[in-house]
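Enquirer: The following file, input19.txt, comprises compact mmCIF, C-alpha atoms:
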```
# COMPACT_ATOMS: atom_id res chain seq x y z
CA MET A 1 89.20 87.45 90.64
CA THR A 2 88.56 87.73 94.35
CA ILE A 3 86.97 90.35 96.53
CA ASN A 4 88.90 91.40 99.60
CA SER A 5 86.69 93.25 102.04
CA ASN A 6 88.74 94.85 104.78
CA GLU A 7 87.37 95.17 108.27
CA ALA A 8 85.71 98.43 109.08
CA LEU A 9 87.87 101.14 110.58
CA ASP A 10 86.32 103.10 113.45
CA LEU A 11 87.16 106.72 112.61
CA ASN A 12 86.48 107.74 116.22
CA GLY A 13 89.17 105.34 117.48
CA GLY A 14 88.77 102.60 120.04
CA ASN A 15 85.99 100.05 119.90
CA PRO A 16 82.97 100.63 117.65
CA GLU A 17 80.11 102.15 119.62
CA PRO A 18 76.73 103.67 118.72
CA GLY A 19 77.26 107.08 117.12
CA ASN A 20 80.76 106.24 115.81
CA THR A 21 81.60 106.49 112.12
CA LEU A 22 82.92 103.38 110.35
CA CYS A 23 84.91 103.48 107.10
CA TYR A 24 84.86 100.39 104.87
CA THR A 25 87.16 99.69 101.90
CA ILE A 26 86.46 96.94 99.37
CA SER A 27 89.19 95.78 96.98
CA LEU A 28 89.15 93.51 93.93
CA ASN A 29 92.20 91.30 93.33
CA ASN A 30 92.93 89.86 89.87
CA SER A 31 95.41 86.97 90.10
CA GLY A 32 94.92 86.13 86.42
CA ASP A 33 97.17 86.99 83.50
CA GLU A 34 94.57 89.11 81.69
CA ALA A 35 92.82 92.32 82.65
CA THR A 36 89.19 92.02 83.64
CA GLY A 37 86.37 93.39 81.57
CA THR A 38 84.15 95.74 83.49
CA VAL A 39 83.09 94.45 86.89
CA SER A 40 80.29 95.56 89.23
CA VAL A 41 80.04 95.42 93.00
CA LYS A 42 76.60 95.52 94.62
CA ASP A 43 75.72 95.03 98.26
CA ASP A 44 73.10 95.93 100.85
CA ILE A 45 74.34 98.20 103.63
CA PRO A 46 74.04 96.51 107.08
CA PRO A 47 70.93 97.15 109.19
CA PHE A 48 72.78 98.51 112.25
CA VAL A 49 74.15 101.63 110.50
CA GLU A 50 72.87 104.91 109.07
CA ASN A 51 74.15 107.84 106.98
CA PHE A 52 75.71 105.68 104.23
CA ARG A 53 77.89 107.78 101.93
CA LEU A 54 80.36 106.79 99.24
CA LEU A 55 83.80 108.32 99.70
CA SER A 56 85.66 107.14 96.60
CA ILE A 57 85.50 104.91 93.51
CA PRO A 58 88.09 104.12 90.80
CA SER A 59 88.52 106.46 87.86
CA GLY A 60 86.00 105.63 85.14
CA ALA A 61 83.69 103.68 87.47
CA ILE A 62 79.99 104.54 87.73
CA ASP A 63 78.25 105.11 91.06
CA SER A 64 74.57 104.13 91.13
CA SER A 65 74.45 103.67 94.91
CA THR A 66 71.39 104.76 96.86
CA ALA A 67 71.14 106.05 100.43
CA ALA A 68 68.65 105.40 103.22
CA GLY A 69 65.32 103.93 102.17
CA ALA A 70 66.96 101.57 99.68
CA GLY A 71 68.38 98.07 99.90
CA ALA A 72 67.14 95.09 101.87
CA ASN A 73 67.69 96.89 105.18
CA ASP A 74 66.46 100.37 104.17
CA THR A 75 69.94 101.70 105.09
CA GLY A 76 71.31 102.02 101.54
CA PHE A 77 72.56 99.98 98.62
CA LEU A 78 76.15 99.97 97.27
CA ASP A 79 76.18 99.81 93.45
CA VAL A 80 79.46 100.59 91.63
CA SER A 81 79.98 99.39 88.03
CA GLY A 82 82.44 99.84 85.17
CA ILE A 83 85.45 98.73 87.25
CA SER A 84 88.54 97.34 85.47
CA VAL A 85 91.39 95.49 87.19
CA ALA A 86 94.76 94.96 85.49
CA ALA A 87 96.27 91.47 85.18
CA GLY A 88 97.90 90.57 88.49
CA GLY A 89 96.57 93.79 89.98
CA SER A 90 94.43 94.98 92.81
CA GLU A 91 91.94 97.82 92.70
CA PRO A 92 90.51 99.47 95.80
CA ILE A 93 87.09 99.80 94.28
CA THR A 94 85.21 101.74 96.85
CA SER A 95 85.42 103.33 100.21
CA PHE A 96 82.31 104.25 102.12
CA ALA A 97 81.37 105.47 105.58
CA THR A 98 78.42 104.79 107.84
CA ARG A 99 77.52 105.64 111.42
CA ILE A 100 76.51 103.00 113.95
CA ARG A 101 72.89 103.57 114.92
CA LYS A 102 72.21 104.71 118.44
CA ARG A 103 69.82 102.53 120.36
CA ARG A 104 66.39 103.96 120.71
CA ALA A 105 65.08 104.36 124.23
```
Once more with this new file: its structure as structure tokens, please.
Expert:
Amino acid sequence: MTINSNEALDLNGGNPEPGNTLCYTISLNNSGDEATGTVSVKDDIPPFVENFRLLSIPSGAIDSSTAAGAGANDTGFLDVSGISVAAGGSEPITSFATRIRKRRA
């Protein structure tokens, strides 16, 4: 089982800049010959973003994520559990969006 974390996509187009919205997708890949049991993915949201929101999770998965004020950076904590991946399969487990923080003057 491997985790494939795609680069963030800037939904505003062009280069990422303060105020732009980034969309992240994380996928689990199972190269084994048996389905996984239930798997969890947990991660702190980076410190340079705000407005963390989960966009999608697999059917049957459980979202226990928390928004601003949580996680090591106080910007949110991703917590999705109950994920199953078929043998030889790939499951896009979550998609979430954040906005790059504007610099404070």
Enquirer: Pick out the residues sitting within 7 Å of Gly82 (chain A), and hand them over as a list of chain:residue names; count only C-alpha atoms, and ignore anything fewer than 4 positions along from it in its own chain.
Expert: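 Listing them by chain and then by number gives A:Thr38, A:Val39, A:Ser40, A:Gly60, A:Ala61, A:Ile62.
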Enquirer: Which polymer residues, whether protein, DNA or RNA, lie within 7 Å of the coordinate (73.5, 109.2, 106.1) when you count only C-alpha atoms? List them as a PyMOL selection string, using the chain letters and numbers from the file.
Expert: chain A and resi 50-53+67-68+98
Enquirer: Find, counting all atoms listed in the file, the residue in A:Ser31, A:Ile93, A:Pro58, A:Pro47 that gets nearest to Gly71 (chain A).
Expert: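 When distances to Gly71 (chain A) are compared using all atoms listed in the file, the smallest one comes from A:Pro47.
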Enquirer: Using only C-alpha atoms, pick whichever of A:Lys102, A:Pro18, A:Thr75, A:Ile83 has the shortest atom-to-atom distance to Asp63 (chain A).
Expert: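 Checking each candidate against Asp63 (chain A), we get A:Ile83 as the closest.
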Enquirer: Take CA of Thr66 (chain A) and CA of Asn15 (chain A) and report the distance between them in Å, one decimal.
Expert: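 These atoms are spaced 27.7 Å apart.
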Enquirer: Using only C-alpha atoms, which protein or nucleic acid residues come within 7 Å of Asp79 (chain A)? Drop anything in the same chain fewer than 4 positions from it, and give the result as a VMD selection string.
Expert: chain A and resid 41 to 43 63 to 65
Enquirer: Would you please work out which residue, of A:Leu55, A:Leu78, A:Leu28, A:Ala8, is nearest to Ser95 (chain A) when using only C-alpha atoms?
Expert: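 Closest candidate: A:Leu55.
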Enquirer: Go through A:Thr94, A:Asn12, A:Thr36, A:Thr21 one by one, measure the shortest atom-to-atom distance of each to Ile57 (chain A) using only C-alpha atoms, and give the residue with the smallest value.
Expert: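 So, comparing all the options, the nearest one is A:Thr94.
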Enquirer: Report the distance between CA of Cys23 (chain A) and CA of Asn73 (chain A) in Å, rounded to one decimal place.
Expert: 18.5 Å
Enquirer: Can you report as AutoDock Vina command-line options the centre and edge lengths in Å, to one decimal, of an axis-aligned box around the listed atoms of region 44-47 of chain A padded with 6 Å on each side?
Expert:
```
--center_x 72.6 --center_y 97.1 --center_z 105.0 --size_x 15.4 --size_y 14.3 --size_z 20.3
```
Enquirer: One decimal, Å: what's the distance from CA of Pro46 (chain A) over to CA of Gly89 (chain A), could you say?
Expert: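 According to the coordinates, CA of Pro46 (chain A) and CA of Gly89 (chain A) are separated by 28.4 Å.
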Enquirer: Rank nothing, just name the residue among A:Ala70, A:Pro92, A:Leu11, A:Ile100 nearest to Thr25 (chain A), using all atoms listed in the file.
Expert: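 The closest residue to Thr25 (chain A) is A:Pro92.
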